[in-house]
Structure formats: C-alpha cells, structure tokens
file structure-v5.cif (mmCIF, C-alpha atoms)
data_query
#
loop_
_atom_site.group_PDB
_atom_site.id
_atom_site.type_symbol
_atom_site.label_atom_id
_atom_site.label_comp_id
_atom_site.auth_asym_id
_atom_site.auth_seq_id
_atom_site.Cartn_x
_atom_site.Cartn_y
_atom_site.Cartn_z
ATOM 1 C CA ARG A 1 10.681 -0.766 15.187
ATOM 2 C CA LEU A 2 8.838 -3.989 15.982
ATOM 3 C CA MET A 3 9.101 -3.234 19.698
ATOM 4 C CA ALA A 4 5.555 -2.513 20.878
ATOM 5 C CA ASP A 5 3.186 -3.313 23.699
ATOM 6 C CA ARG A 6 0.235 -2.876 21.351
ATOM 7 C CA ARG A 7 -0.762 -4.470 18.066
ATOM 8 C CA ILE A 8 1.136 -3.435 14.918
ATOM 9 C CA GLY A 9 -0.432 -2.629 11.552
ATOM 10 C CA CYS A 10 0.424 -0.829 8.332
ATOM 11 C CA MET A 11 -1.046 1.779 6.012
ATOM 12 C CA LEU A 12 -1.332 0.274 2.540
ATOM 13 C CA SER A 13 -2.213 2.458 -0.424
ATOM 14 C CA GLY A 14 -1.073 -0.083 -3.000
ATOM 15 C CA GLY A 15 1.729 2.203 -4.148
ATOM 16 C CA LEU A 16 5.375 1.221 -4.084
ATOM 17 C CA ASP A 17 6.300 2.719 -0.718
ATOM 18 C CA SER A 18 3.512 1.443 1.509
ATOM 19 C CA SER A 19 3.551 -1.919 -0.293
ATOM 20 C CA LEU A 20 7.271 -2.381 0.350
ATOM 21 C CA ILE A 21 6.890 -1.419 4.007
ATOM 22 C CA SER A 22 3.928 -3.784 4.400
ATOM 23 C CA ALA A 23 5.794 -6.659 2.756
ATOM 24 C CA LEU A 24 8.926 -6.144 4.830
ATOM 25 C CA LEU A 25 6.851 -5.742 7.985
ATOM 26 C CA VAL A 26 5.134 -9.082 7.383
ATOM 27 C CA GLU A 27 8.507 -10.775 6.871
ATOM 28 C CA CYS A 28 10.087 -9.144 9.930
ATOM 29 C CA ALA A 29 7.055 -9.923 12.080
ATOM 30 C CA LYS A 30 7.416 -13.613 11.259
ATOM 31 C CA GLU A 31 11.096 -13.527 12.155
ATOM 32 C CA ALA A 32 10.294 -11.731 15.415
ATOM 33 C CA GLY A 33 7.769 -14.402 16.401
ATOM 34 C CA ILE A 34 4.690 -12.178 16.152
ATOM 35 C CA THR A 35 1.815 -14.623 15.876
ATOM 36 C CA TYR A 36 -1.155 -12.388 15.165
ATOM 37 C CA PRO A 37 -1.870 -11.426 11.528
ATOM 38 C CA ILE A 38 -0.601 -8.028 10.474
ATOM 39 C CA GLN A 39 -3.482 -5.699 9.690
ATOM 40 C CA THR A 40 -3.245 -3.456 6.629
ATOM 41 C CA PHE A 41 -5.467 -0.472 5.912
ATOM 42 C CA SER A 42 -6.466 1.278 2.713
ATOM 43 C CA ILE A 43 -8.922 4.069 1.968
ATOM 44 C CA GLY A 44 -10.485 5.463 -1.156
ATOM 45 C CA MET A 45 -13.556 6.667 -2.957
ATOM 46 C CA GLU A 46 -15.481 4.629 -5.493
ATOM 47 C CA GLY A 47 -13.181 3.816 -8.405
ATOM 48 C CA SER A 48 -9.986 4.449 -6.454
ATOM 49 C CA PRO A 49 -6.938 2.816 -8.111
ATOM 50 C CA ASP A 50 -5.220 2.735 -4.705
ATOM 51 C CA VAL A 51 -7.886 0.525 -3.154
ATOM 52 C CA ALA A 52 -7.717 -1.965 -6.026
ATOM 53 C CA ALA A 53 -3.911 -2.117 -5.896
ATOM 54 C CA ALA A 54 -3.860 -2.440 -2.102
ATOM 55 C CA ARG A 55 -6.252 -5.375 -2.324
ATOM 56 C CA LYS A 56 -3.811 -7.198 -4.611
ATOM 57 C CA VAL A 57 -0.902 -6.544 -2.266
ATOM 58 C CA ALA A 58 -2.829 -7.665 0.806
ATOM 59 C CA ALA A 59 -3.838 -10.904 -0.932
ATOM 60 C CA HIS A 60 -0.210 -11.512 -1.923
ATOM 61 C CA LEU A 61 1.025 -10.912 1.626
ATOM 62 C CA GLY A 62 -1.824 -12.644 3.433
ATOM 63 C CA THR A 63 -2.585 -9.713 5.726
ATOM 64 C CA GLU A 64 -5.827 -9.029 7.537
ATOM 65 C CA HIS A 65 -6.889 -6.269 5.205
ATOM 66 C CA HIS A 66 -9.339 -3.472 5.939
ATOM 67 C CA GLU A 67 -10.813 -1.193 3.267
ATOM 68 C CA VAL A 68 -12.547 2.076 4.049
ATOM 69 C CA THR A 69 -14.703 3.784 1.442
ATOM 70 C CA PHE A 70 -15.524 7.438 1.845
ATOM 71 C CA THR A 71 -17.753 9.778 -0.123
ATOM 72 C CA ALA A 72 -16.990 13.301 -1.247
ATOM 73 C CA GLU A 73 -19.319 14.545 1.488
ATOM 74 C CA ASP A 74 -17.408 12.550 4.117
ATOM 75 C CA GLY A 75 -14.226 14.209 2.938
ATOM 76 C CA PHE A 76 -15.684 17.712 2.863
ATOM 77 C CA ASN A 77 -17.010 17.292 6.403
ATOM 78 C CA ALA A 78 -13.547 16.269 7.632
ATOM 79 C CA VAL A 79 -11.626 19.214 6.144
ATOM 80 C CA GLY A 80 -12.139 21.526 9.136
ATOM 81 C CA SER A 81 -11.064 18.963 11.739
ATOM 82 C CA THR A 82 -8.134 17.898 9.584
ATOM 83 C CA ILE A 83 -6.831 21.458 9.304
ATOM 84 C CA SER A 84 -7.302 21.948 13.042
ATOM 85 C CA HIS A 85 -5.074 18.950 13.817
ATOM 86 C CA LEU A 86 -2.569 19.754 11.067
ATOM 87 C CA GLU A 87 -2.086 23.413 11.996
ATOM 88 C CA SER A 88 -1.459 23.953 8.292
ATOM 89 C CA TYR A 89 -3.264 25.416 5.293
ATOM 90 C CA ASP A 90 -0.902 24.060 2.632
ATOM 91 C CA ILE A 91 -2.938 22.893 -0.350
ATOM 92 C CA THR A 92 -1.508 19.454 -1.064
ATOM 93 C CA THR A 93 -0.998 18.711 2.633
ATOM 94 C CA VAL A 94 -4.678 19.295 3.378
ATOM 95 C CA ARG A 95 -5.818 17.309 0.339
ATOM 96 C CA ALA A 96 -3.740 14.277 1.274
ATOM 97 C CA SER A 97 -4.429 14.550 4.991
ATOM 98 C CA VAL A 98 -8.190 14.124 4.772
ATOM 99 C CA GLY A 99 -7.957 10.493 3.646
ATOM 100 C CA MET A 100 -5.284 9.688 6.208
ATOM 101 C CA TYR A 101 -7.311 11.389 8.948
ATOM 102 C CA LEU A 102 -10.374 9.291 8.076
ATOM 103 C CA ILE A 103 -8.488 5.979 7.897
ATOM 104 C CA SER A 104 -6.774 6.746 11.205
ATOM 105 C CA GLU A 105 -10.179 7.399 12.759
ATOM 106 C CA TYR A 106 -11.352 4.008 11.497
ATOM 107 C CA ILE A 107 -8.283 2.218 12.874
ATOM 108 C CA SER A 108 -8.737 3.846 16.263
ATOM 109 C CA LYS A 109 -12.439 3.078 16.532
ATOM 110 C CA LYS A 110 -12.750 -0.270 14.792
ATOM 111 C CA THR A 111 -9.512 -2.174 15.531
ATOM 112 C CA ASP A 112 -7.044 -2.826 18.328
ATOM 113 C CA THR A 113 -4.017 -1.763 16.261
ATOM 114 C CA ILE A 114 -2.152 1.199 17.730
ATOM 115 C CA VAL A 115 1.329 1.135 16.169
ATOM 116 C CA ILE A 116 1.097 2.032 12.484
ATOM 117 C CA PHE A 117 3.832 1.687 9.874
ATOM 118 C CA SER A 118 3.716 3.882 6.790
ATOM 119 C CA GLY A 119 5.754 4.669 3.672
ATOM 120 C CA GLU A 120 6.388 8.390 4.107
ATOM 121 C CA GLY A 121 9.828 9.688 3.211
ATOM 122 C CA SER A 122 10.552 7.586 0.166
ATOM 123 C CA ASP A 123 9.444 10.194 -2.371
ATOM 124 C CA GLU A 124 11.679 12.829 -0.836
ATOM 125 C CA LEU A 125 14.639 10.507 -0.392
ATOM 126 C CA ALA A 126 14.407 8.500 -3.619
ATOM 127 C CA GLN A 127 13.215 11.289 -5.929
ATOM 128 C CA GLY A 128 9.804 9.732 -6.341
ATOM 129 C CA TYR A 129 7.757 12.777 -7.249
ATOM 130 C CA ILE A 130 6.726 12.955 -10.883
ATOM 131 C CA TYR A 131 8.370 16.334 -11.378
ATOM 132 C CA PHE A 132 11.827 14.821 -10.866
ATOM 133 C CA HIS A 133 11.529 13.670 -14.495
ATOM 134 C CA LYS A 134 11.859 17.367 -15.398
ATOM 135 C CA SER A 135 15.032 18.004 -13.408
ATOM 136 C CA PRO A 136 17.544 20.032 -15.458
ATOM 137 C CA SER A 137 20.529 18.206 -13.992
ATOM 138 C CA THR A 138 21.676 15.507 -11.610
ATOM 139 C CA ALA A 139 23.009 18.094 -9.192
ATOM 140 C CA GLU A 140 19.731 20.004 -9.075
ATOM 141 C CA ALA A 141 17.764 16.793 -8.520
ATOM 142 C CA ASP A 142 20.063 15.878 -5.653
ATOM 143 C CA GLU A 143 19.687 19.299 -4.020
ATOM 144 C CA GLU A 144 15.907 19.194 -4.435
ATOM 145 C CA SER A 145 15.768 15.780 -2.771
ATOM 146 C CA ARG A 146 17.767 17.072 0.173
ATOM 147 C CA ARG A 147 15.609 20.203 0.404
ATOM 148 C CA LEU A 148 12.464 18.085 0.524
ATOM 149 C CA LEU A 149 13.936 16.006 3.329
ATOM 150 C CA ARG A 150 14.878 19.125 5.282
ATOM 151 C CA ASP A 151 11.326 20.467 4.993
ATOM 152 C CA ILE A 152 9.417 17.210 5.317
ATOM 153 C CA TYR A 153 8.338 18.049 8.865
ATOM 154 C CA LEU A 154 6.265 20.894 7.396
ATOM 155 C CA TYR A 155 4.486 18.835 4.744
ATOM 156 C CA ASP A 156 4.266 15.033 4.341
ATOM 157 C CA GLY A 157 5.863 14.395 7.707
ATOM 158 C CA LEU A 158 3.393 16.760 9.327
ATOM 159 C CA ARG A 159 0.498 15.074 7.528
ATOM 160 C CA SER A 160 1.347 11.557 8.621
ATOM 161 C CA ASP A 161 2.218 12.544 12.187
ATOM 162 C CA ARG A 162 -0.756 14.772 12.937
ATOM 163 C CA THR A 163 -3.492 12.723 11.252
ATOM 164 C CA THR A 164 -2.497 9.551 13.099
ATOM 165 C CA ALA A 165 -1.781 11.240 16.421
ATOM 166 C CA ALA A 166 -5.208 12.892 16.249
ATOM 167 C CA HIS A 167 -6.674 9.438 16.842
ATOM 168 C CA GLY A 168 -4.150 8.134 19.353
ATOM 169 C CA LEU A 169 -2.043 6.101 16.920
ATOM 170 C CA GLU A 170 1.753 5.770 17.008
ATOM 171 C CA LEU A 171 3.337 6.242 13.595
ATOM 172 C CA ARG A 172 6.569 4.596 12.425
ATOM 173 C CA VAL A 173 8.244 5.529 9.137
ATOM 174 C CA PRO A 174 11.179 3.233 8.244
ATOM 175 C CA PHE A 175 12.144 5.136 5.083
ATOM 176 C CA LEU A 176 13.181 8.035 7.301
ATOM 177 C CA ASP A 177 15.510 5.969 9.449
ATOM 178 C CA ARG A 178 18.612 8.126 9.759
ATOM 179 C CA TYR A 179 21.008 5.306 8.908
ATOM 180 C CA PHE A 180 19.032 4.382 5.813
ATOM 181 C CA THR A 181 18.687 7.978 4.636
ATOM 182 C CA SER A 182 22.389 8.624 5.193
ATOM 183 C CA TYR A 183 23.311 5.523 3.220
ATOM 184 C CA TYR A 184 20.916 6.269 0.371
ATOM 185 C CA LEU A 185 22.122 9.861 0.034
ATOM 186 C CA SER A 186 25.729 8.639 -0.032
ATOM 187 C CA LEU A 187 25.065 6.793 -3.303
ATOM 188 C CA PRO A 188 26.050 8.525 -6.561
ATOM 189 C CA PRO A 189 23.383 11.136 -7.404
ATOM 190 C CA GLU A 190 22.845 9.759 -10.897
ATOM 191 C CA MET A 191 21.809 6.408 -9.409
ATOM 192 C CA ARG A 192 19.036 8.098 -7.428
ATOM 193 C CA GLN A 193 17.460 9.885 -10.391
ATOM 194 C CA PRO A 194 14.553 8.493 -12.441
ATOM 195 C CA GLN A 195 15.840 5.926 -14.935
ATOM 196 C CA GLU A 196 14.249 4.713 -18.161
ATOM 197 C CA GLY A 197 11.274 6.973 -17.543
ATOM 198 C CA VAL A 198 10.612 5.431 -14.119
ATOM 199 C CA GLU A 199 10.887 7.299 -10.824
ATOM 200 C CA LYS A 200 12.497 5.501 -7.842
ATOM 201 C CA HIS A 201 14.054 3.069 -10.314
ATOM 202 C CA LEU A 202 16.871 2.117 -7.930
ATOM 203 C CA LEU A 203 14.462 1.240 -5.127
ATOM 204 C CA ARG A 204 12.201 -0.750 -7.422
ATOM 205 C CA SER A 205 15.014 -2.683 -9.103
ATOM 206 C CA ALA A 206 16.488 -3.627 -5.711
ATOM 207 C CA PHE A 207 13.419 -5.786 -5.014
ATOM 208 C CA SER A 208 12.600 -6.869 -8.570
ATOM 209 C CA GLY A 209 12.556 -10.614 -9.016
ATOM 210 C CA THR A 210 12.569 -11.346 -5.283
ATOM 211 C CA GLY A 211 8.896 -12.284 -5.079
ATOM 212 C CA LEU A 212 8.422 -9.882 -2.199
ATOM 213 C CA LEU A 213 5.752 -8.060 -4.193
ATOM 214 C CA PRO A 214 3.940 -8.651 -7.495
ATOM 215 C CA GLU A 215 5.979 -7.030 -10.265
ATOM 216 C CA GLU A 216 2.971 -4.981 -11.397
ATOM 217 C CA ILE A 217 2.898 -3.349 -7.956
ATOM 218 C CA LEU A 218 6.650 -2.952 -7.749
ATOM 219 C CA TRP A 219 6.674 -1.043 -11.023
ATOM 220 C CA ARG A 220 3.357 0.751 -10.574
ATOM 221 C CA PRO A 221 3.699 4.444 -11.580
ATOM 222 C CA LYS A 222 3.718 7.069 -8.866
ATOM 223 C CA GLU A 223 0.244 8.137 -7.690
ATOM 224 C CA ALA A 224 0.000 10.840 -5.043
ATOM 225 C CA PHE A 225 -2.025 9.788 -2.005
ATOM 226 C CA SER A 226 -4.444 12.679 -2.490
ATOM 227 C CA ASP A 227 -5.003 11.534 -6.102
ATOM 228 C CA GLY A 228 -4.959 7.756 -5.716
ATOM 229 C CA VAL A 229 -7.834 7.759 -3.222
ATOM 230 C CA SER A 230 -10.205 8.949 -5.951
ATOM 231 C CA SER A 231 -11.354 7.906 -9.388
ATOM 232 C CA THR A 232 -9.266 8.527 -12.499
ATOM 233 C CA LYS A 233 -12.389 9.678 -14.384
ATOM 234 C CA LYS A 234 -12.233 13.245 -15.651
ATOM 235 C CA GLY A 235 -13.640 15.648 -13.107
ATOM 236 C CA GLU A 236 -13.768 13.075 -10.315
ATOM 237 C CA SER A 237 -10.292 13.381 -8.819
ATOM 238 C CA TRP A 238 -10.304 14.360 -5.149
ATOM 239 C CA PHE A 239 -8.603 17.673 -5.879
ATOM 240 C CA GLU A 240 -11.243 18.530 -8.505
ATOM 241 C CA LEU A 241 -14.065 17.704 -6.092
ATOM 242 C CA LEU A 242 -12.434 19.931 -3.467
ATOM 243 C CA GLN A 243 -12.094 22.752 -5.977
ATOM 244 C CA ARG A 244 -15.797 22.611 -6.849
ATOM 245 C CA PHE A 245 -16.696 22.445 -3.156
ATOM 246 C CA SER A 246 -14.574 25.535 -2.433
ATOM 247 C CA ASP A 247 -16.114 27.405 -5.363
ATOM 248 C CA LYS A 248 -19.435 27.245 -3.517
ATOM 249 C CA HIS A 249 -17.986 28.710 -0.317
ATOM 250 C CA ILE A 250 -15.610 31.405 -1.564
ATOM 251 C CA SER A 251 -16.787 34.290 -3.743
ATOM 252 C CA ASP A 252 -14.962 35.926 -6.620
ATOM 253 C CA ASP A 253 -14.735 39.115 -4.563
ATOM 254 C CA GLN A 254 -13.101 37.305 -1.649
ATOM 255 C CA LEU A 255 -10.460 35.832 -3.920
ATOM 256 C CA ALA A 256 -9.900 39.207 -5.593
ATOM 257 C CA GLN A 257 -9.206 40.729 -2.165
ATOM 258 C CA ALA A 258 -7.035 37.821 -1.008
ATOM 259 C CA LYS A 259 -3.809 39.849 -1.081
ATOM 260 C CA LEU A 260 -5.276 42.344 1.378
ATOM 261 C CA THR A 261 -6.865 39.725 3.614
ATOM 262 C CA PHE A 262 -3.893 37.367 3.644
ATOM 263 C CA PRO A 263 -0.719 39.220 2.587
ATOM 264 C CA LYS A 264 1.603 36.330 3.555
ATOM 265 C CA ASN A 265 1.244 33.135 1.514
ATOM 266 C CA THR A 266 -1.706 34.708 -0.292
ATOM 267 C CA PRO A 267 -4.264 32.097 -1.422
ATOM 268 C CA ILE A 268 -3.892 31.333 -5.113
ATOM 269 C CA SER A 269 -7.322 29.760 -5.645
ATOM 270 C CA LYS A 270 -10.702 29.495 -3.977
ATOM 271 C CA GLU A 271 -9.638 26.129 -2.617
ATOM 272 C CA SER A 272 -6.532 27.529 -0.942
ATOM 273 C CA TYR A 273 -8.586 30.501 0.306
ATOM 274 C CA TYR A 274 -11.069 28.111 1.915
ATOM 275 C CA TYR A 275 -8.277 26.228 3.700
ATOM 276 C CA ARG A 276 -6.761 29.499 4.907
ATOM 277 C CA GLN A 277 -10.166 30.616 6.149
ATOM 278 C CA GLN A 278 -10.578 27.401 8.144
ATOM 279 C CA PHE A 279 -7.025 27.677 9.477
ATOM 280 C CA SER A 280 -7.574 31.266 10.602
ATOM 281 C CA LYS A 281 -10.543 30.289 12.765
ATOM 282 C CA GLU A 282 -8.102 28.735 15.241
ATOM 283 C CA TYR A 283 -4.672 30.003 14.234
ATOM 284 C CA SER A 284 -5.162 33.589 13.135
ATOM 285 C CA GLY A 285 -1.846 35.414 13.130
ATOM 286 C CA HIS A 286 0.125 32.205 12.759
ATOM 287 C CA GLU A 287 0.369 32.007 8.989
ATOM 288 C CA HIS A 288 4.120 31.599 9.461
ATOM 289 C CA PHE A 289 3.473 27.954 10.412
ATOM 290 C CA ILE A 290 4.260 27.132 6.769
ATOM 291 C CA PRO A 291 6.918 29.072 4.825
ATOM 292 C CA TYR A 292 5.485 28.408 1.344
ATOM 293 C CA PHE A 293 2.942 26.358 -0.605
ATOM 294 C CA TRP A 294 4.336 22.961 -1.645
ATOM 295 C CA MET A 295 4.486 22.863 -5.458
ATOM 296 C CA PRO A 296 6.165 20.694 -8.104
ATOM 297 C CA LYS A 297 9.410 22.227 -9.310
ATOM 298 C CA TRP A 298 10.632 22.761 -12.910
ATOM 299 C CA THR A 299 7.090 22.482 -14.308
ATOM 300 C CA GLY A 300 5.505 25.912 -14.006
ATOM 301 C CA ALA A 301 2.664 24.189 -12.166
ATOM 302 C CA THR A 302 0.102 26.240 -10.265
ATOM 303 C CA ASP A 303 -1.526 23.184 -8.702
ATOM 304 C CA PRO A 304 0.333 20.530 -6.656
ATOM 305 C CA SER A 305 -1.623 17.545 -8.007
ATOM 306 C CA ALA A 306 0.507 15.155 -10.056
ATOM 307 C CA ARG A 307 -2.504 14.567 -12.275
ATOM 308 C CA THR A 308 -2.088 18.064 -13.701
ATOM 309 C CA LEU A 309 1.433 17.317 -14.953
ATOM 310 C CA SER A 310 2.087 16.324 -18.562
ATOM 311 C CA HIS A 311 4.236 13.347 -17.548
ATOM 312 C CA TYR A 312 1.300 11.881 -15.620
ATOM 313 C CA LYS A 313 -0.997 12.306 -18.610
ATOM 314 C CA ASP A 314 1.553 10.644 -20.877
#

call {"tool": "encode", "arguments": {"input": "structure-v5.cif", "output": "structure tokens"}}
result
Amino acid sequence: RLMADRRIGCMLSGGLDSSLISALLVECAKEAGITYPIQTFSIGMEGSPDVAAARKVAAHLGTEHHEVTFTAEDGFNAVGSTISHLESYDITTVRASVGMYLISEYISKKTDTIVIFSGEGSDELAQGYIYFHKSPSTAEADEESRRLLRDIYLYDGLRSDRTTAAHGLELRVPFLDRYFTSYYLSLPPEMRQPQEGVEKHLLRSAFSGTGLLPEEILWRPKEAFSDGVSSTKKGESWFELLQRFSDKHISDDQLAQAKLTFPKNTPISKESYYYRQQFSKEYSGHEHFIPYFWMPKWTGATDPSARTLSHYKD
C-alpha cells in the first residue's frame, strides 16, 4: 500500500483507528525509505474533541499536520454537493460525509498529497460501535459484525470512497485488507467483543505499552466521525445543528405526508426528509440505492448518533 507515484498522507481524527493507521504509516514509510514528511489531516468545528486529539497524535508522530476548521454554515452549504457525490440519503452517512468531503477538498486544493490512508473498516470488523455493548450474546455480536462488513460498501465504505474521489484523491483502507479481515474474524468471537466496558479492547491491548501511540489516545472512547468534528456542548453537536437547519427547510405538513411522497425508506425526521429531497433532485426513482437507514442495533434508537445512546452519556 506504500506503492505510489504521488505523495502519501493520512486522515487523522484523533480516534483509535485513524491514529493507529497514521502511526503505522509513519513507521512503514521510514522503513520504505520515504524521505518526505507524512502529512496528516484533521477537520472539526470550534471545540471539536477530534481536532484536539489529532493534534496530540500528530505531535507524537512528528507528522506535517494540517487542521481545517469549518463553521456550521460551511457544512450546510456542502450538504447538497456531498449527497450528489454520495448517491445516498442515509442519515448518518450524510452527516459523516460532509466533514470528509470538506477535508478532501482542502487536501486537493492546498497540498500535493494524492494517496490518502484512512481508518475505515475497524468499527465493523472489531465491533467498535457503541451499541455493541448492548449485544445480547457473543453469537449475535459476531453476526452483526459480519453483516456490517457485508454492507459497508453502502455506508462507511461509500462515504470514504465517494468523498475522497470527488476531489481526485486515492483512498487506501488497511483495516479492510482481506487477509487481515479474514484473520481477525477467525479469532474466537468472545475475544472480539467489548471487554471491561471498552469497545475494540483486543485491538487496543495489542498496541498498549508499545509506545506507538500515547496511551490516552489508544484507550480514547469511541467517537463517531460525525460527532467528533463538533463540540460536546449541549445543542452544539453536528447532528443537532443539522436537525435545526432542516427544521427551517421542511414543514410539518411535508413530514406528515412523507409516507405518500416517499413510500420506500420513508423519512423519519425533517433532517432525513431534507436529505431525501436533495437526493431526489438528481436521483429521483433510485431510492433503492440504499436498502435501509443505518441505525444502532439493540438500543431502540431512532437516531444514529452515538451521542444519543445511554452508554455514551455514561
């Protein structure tokens, strides 16, 4: 994956997955004789915990780090273009894609990096989503992990591929290497479940004490990309800002008639209605592009944000 005619960089949110990929990339680049500094890229709004964590990781690794700050208005303005490139109206996919679309635009316009490494795939493979804490059994957690991997091309895989490709970048996702995924899934299912209240415990413990990353980053709790880009202050999460924005554009009557307007994958909120409306401008009649709305399992959740889950609040 280090083979490239163009400069290599890495997305860095400051979470476990992108931090591990960045750290391993820096090590492998040295071994491969790459002499230029690896560039890392983070994005967030004012008060973003991701940006602060990414800054610590970049300092630890000695990368050439770039931070992009965007406002709510910047994000709102990018929703239409993001949906156009995604060819999707899935709620969490759109939310998370806006930040990645904007950082990819920055990389394309402001740097000479073309090949981009990223941490997608780990949450599906290593049971990293917060809702895995609620799994009724080891067997059900294992099946859910495999289901997520089967459908990743419709959700997180789609997000990372389309938002980077929209700006001429080449994405590489080591966690989805077929040999690695096959090996990881061959391990006993109970080893892959959250342990001691920590998701992706096996992956974290494998690198603990190695010095590859600061321990506080290695054991940092899961933060969804669409949440981590924004402040943790009440009412200022990215998904809450998007909900208020959509409230201004979609009427109560429109939402009440949603079942008639969109009988398949009927919008469940004004936010999802707004995304569907934008999607239909270019892809009317192609609602089958996604089979269902991505939602946390075993929680009764009606919103995909991890910040709405009780485990996150605890």

call {"tool": "resolve_selection", "arguments": {"input": "structure-v5.cif", "expression": "the PyMOL selection byres ((chain A and resi 91) around 12)", "output": "MDAnalysis selection string"}}
result
chainID A and resid 79 83 86 88:90 92:98 155:156 159 226 239 242:243 265:276 279 290 292:295 302:305

call {"tool": "atom_distance", "arguments": {"input": "structure-v5.cif", "atom1": "CA of Gly285 in chain A", "atom2": "CA of Leu158 in chain A"}}
result
19.7 Å

call {"tool": "closest_atom_pairs", "arguments": {"input": "structure-v5.cif", "of": "range 206-251 of chain A", "to": "range 45-60 of chain A", "cutoff": "9 Å", "atoms": "only C-alpha atoms", "output": "tab-separated table"}}
result
residue	atom	partner	partner_atom	distance
A:Leu212	CA	A:His60	CA	8.8
A:Leu213	CA	A:Val57	CA	7.1
A:Pro214	CA	A:Val57	CA	7.4
A:Ile217	CA	A:Ala53	CA	7.2
A:Glu223	CA	A:Asp50	CA	8.2
A:Phe225	CA	A:Asp50	CA	8.2
A:Asp227	CA	A:Ser48	CA	8.7
A:Gly228	CA	A:Asp50	CA	5.1
A:Val229	CA	A:Ser48	CA	5.1
A:Ser230	CA	A:Ser48	CA	4.5
A:Ser231	CA	A:Gly47	CA	4.6
A:Thr232	CA	A:Ser48	CA	7.3
A:Lys233	CA	A:Gly47	CA	8.4
A:Trp238	CA	A:Met45	CA	8.6

call {"tool": "atom_distance", "arguments": {"input": "structure-v5.cif", "atom1": "CA of Gly209 in chain A", "atom2": "CA of Tyr179 in chain A"}}
result
25.4 Å

call {"tool": "closest_residue", "arguments": {"input": "structure-v5.cif", "among": "A:Leu102, A:Ala23, A:Leu149, A:Ala301", "to": "Asp123 in chain A", "atoms": "all atoms listed in the file"}}
result
A:Leu149

call {"tool": "atom_distance", "arguments": {"input": "structure-v5.cif", "atom1": "CA of Arg146 in chain A", "atom2": "CA of Arg220 in chain A"}}
result
24.3 Å

call {"tool": "residues_around", "arguments": {"input": "structure-v5.cif", "residues": "Phe41 in chain A", "least_positions_apart": "4", "cutoff": "7 Å", "atoms": "all atoms listed in the file", "output": "CSV table (one decimal) with C-alpha atoms, in the frame of the given file"}}
result
chain,number,residue,atom,x,y,z
A,10,CYS,CA,0.4,-0.8,8.3
A,11,MET,CA,-1.0,1.8,6.0
A,12,LEU,CA,-1.3,0.3,2.5
A,65,HIS,CA,-6.9,-6.3,5.2
A,66,HIS,CA,-9.3,-3.5,5.9
A,67,GLU,CA,-10.8,-1.2,3.3

call {"tool": "build_atoms", "arguments": {"input": "structure-v5.cif", "residues": "range 65-80 of chain A", "atoms": "N, CA and C atoms", "output": "PDB file, keeping the file's coordinate frame"}}
result
ATOM      1  N   HIS A  65      -6.767  -7.555   5.894  1.00  0.00           N
ATOM      2  CA  HIS A  65      -6.889  -6.269   5.205  1.00  0.00           C
ATOM      3  C   HIS A  65      -8.224  -5.591   5.469  1.00  0.00           C
ATOM      4  N   HIS A  66      -8.145  -4.284   5.698  1.00  0.00           N
ATOM      5  CA  HIS A  66      -9.339  -3.472   5.939  1.00  0.00           C
ATOM      6  C   HIS A  66      -9.421  -2.384   4.871  1.00  0.00           C
ATOM      7  N   GLU A  67     -10.585  -2.243   4.259  1.00  0.00           N
ATOM      8  CA  GLU A  67     -10.813  -1.193   3.267  1.00  0.00           C
ATOM      9  C   GLU A  67     -11.873  -0.226   3.783  1.00  0.00           C
ATOM     10  N   VAL A  68     -11.594   1.047   3.657  1.00  0.00           N
ATOM     11  CA  VAL A  68     -12.547   2.076   4.049  1.00  0.00           C
ATOM     12  C   VAL A  68     -12.923   2.882   2.810  1.00  0.00           C
ATOM     13  N   THR A  69     -14.213   2.987   2.562  1.00  0.00           N
ATOM     14  CA  THR A  69     -14.703   3.784   1.442  1.00  0.00           C
ATOM     15  C   THR A  69     -15.320   5.069   1.982  1.00  0.00           C
ATOM     16  N   PHE A  70     -14.914   6.183   1.420  1.00  0.00           N
ATOM     17  CA  PHE A  70     -15.524   7.438   1.845  1.00  0.00           C
ATOM     18  C   PHE A  70     -16.109   8.174   0.650  1.00  0.00           C
ATOM     19  N   THR A  71     -17.115   8.980   0.919  1.00  0.00           N
ATOM     20  CA  THR A  71     -17.753   9.778  -0.123  1.00  0.00           C
ATOM     21  C   THR A  71     -17.157  11.178  -0.131  1.00  0.00           C
ATOM     22  N   ALA A  72     -17.462  11.916  -1.182  1.00  0.00           N
ATOM     23  CA  ALA A  72     -16.990  13.301  -1.247  1.00  0.00           C
ATOM     24  C   ALA A  72     -17.502  14.083  -0.040  1.00  0.00           C
ATOM     25  N   GLU A  73     -18.734  13.834   0.347  1.00  0.00           N
ATOM     26  CA  GLU A  73     -19.319  14.545   1.488  1.00  0.00           C
ATOM     27  C   GLU A  73     -18.576  14.209   2.783  1.00  0.00           C
ATOM     28  N   ASP A  74     -18.202  12.938   2.946  1.00  0.00           N
ATOM     29  CA  ASP A  74     -17.408  12.550   4.117  1.00  0.00           C
ATOM     30  C   ASP A  74     -16.107  13.358   4.167  1.00  0.00           C
ATOM     31  N   GLY A  75     -15.486  13.476   3.013  1.00  0.00           N
ATOM     32  CA  GLY A  75     -14.226  14.209   2.938  1.00  0.00           C
ATOM     33  C   GLY A  75     -14.403  15.687   3.232  1.00  0.00           C
ATOM     34  N   PHE A  76     -15.426  16.287   2.632  1.00  0.00           N
ATOM     35  CA  PHE A  76     -15.684  17.712   2.863  1.00  0.00           C
ATOM     36  C   PHE A  76     -15.917  17.985   4.353  1.00  0.00           C
ATOM     37  N   ASN A  77     -16.686  17.106   4.988  1.00  0.00           N
ATOM     38  CA  ASN A  77     -17.010  17.292   6.403  1.00  0.00           C
ATOM     39  C   ASN A  77     -15.781  17.181   7.304  1.00  0.00           C
ATOM     40  N   ALA A  78     -14.750  16.485   6.816  1.00  0.00           N
ATOM     41  CA  ALA A  78     -13.547  16.269   7.632  1.00  0.00           C
ATOM     42  C   ALA A  78     -12.480  17.343   7.435  1.00  0.00           C
ATOM     43  N   VAL A  79     -12.657  18.221   6.456  1.00  0.00           N
ATOM     44  CA  VAL A  79     -11.626  19.214   6.144  1.00  0.00           C
ATOM     45  C   VAL A  79     -11.316  20.099   7.347  1.00  0.00           C
ATOM     46  N   GLY A  80     -12.354  20.621   8.011  1.00  0.00           N
ATOM     47  CA  GLY A  80     -12.139  21.526   9.136  1.00  0.00           C
ATOM     48  C   GLY A  80     -11.367  20.881  10.265  1.00  0.00           C
TER      49      GLY A  80
END
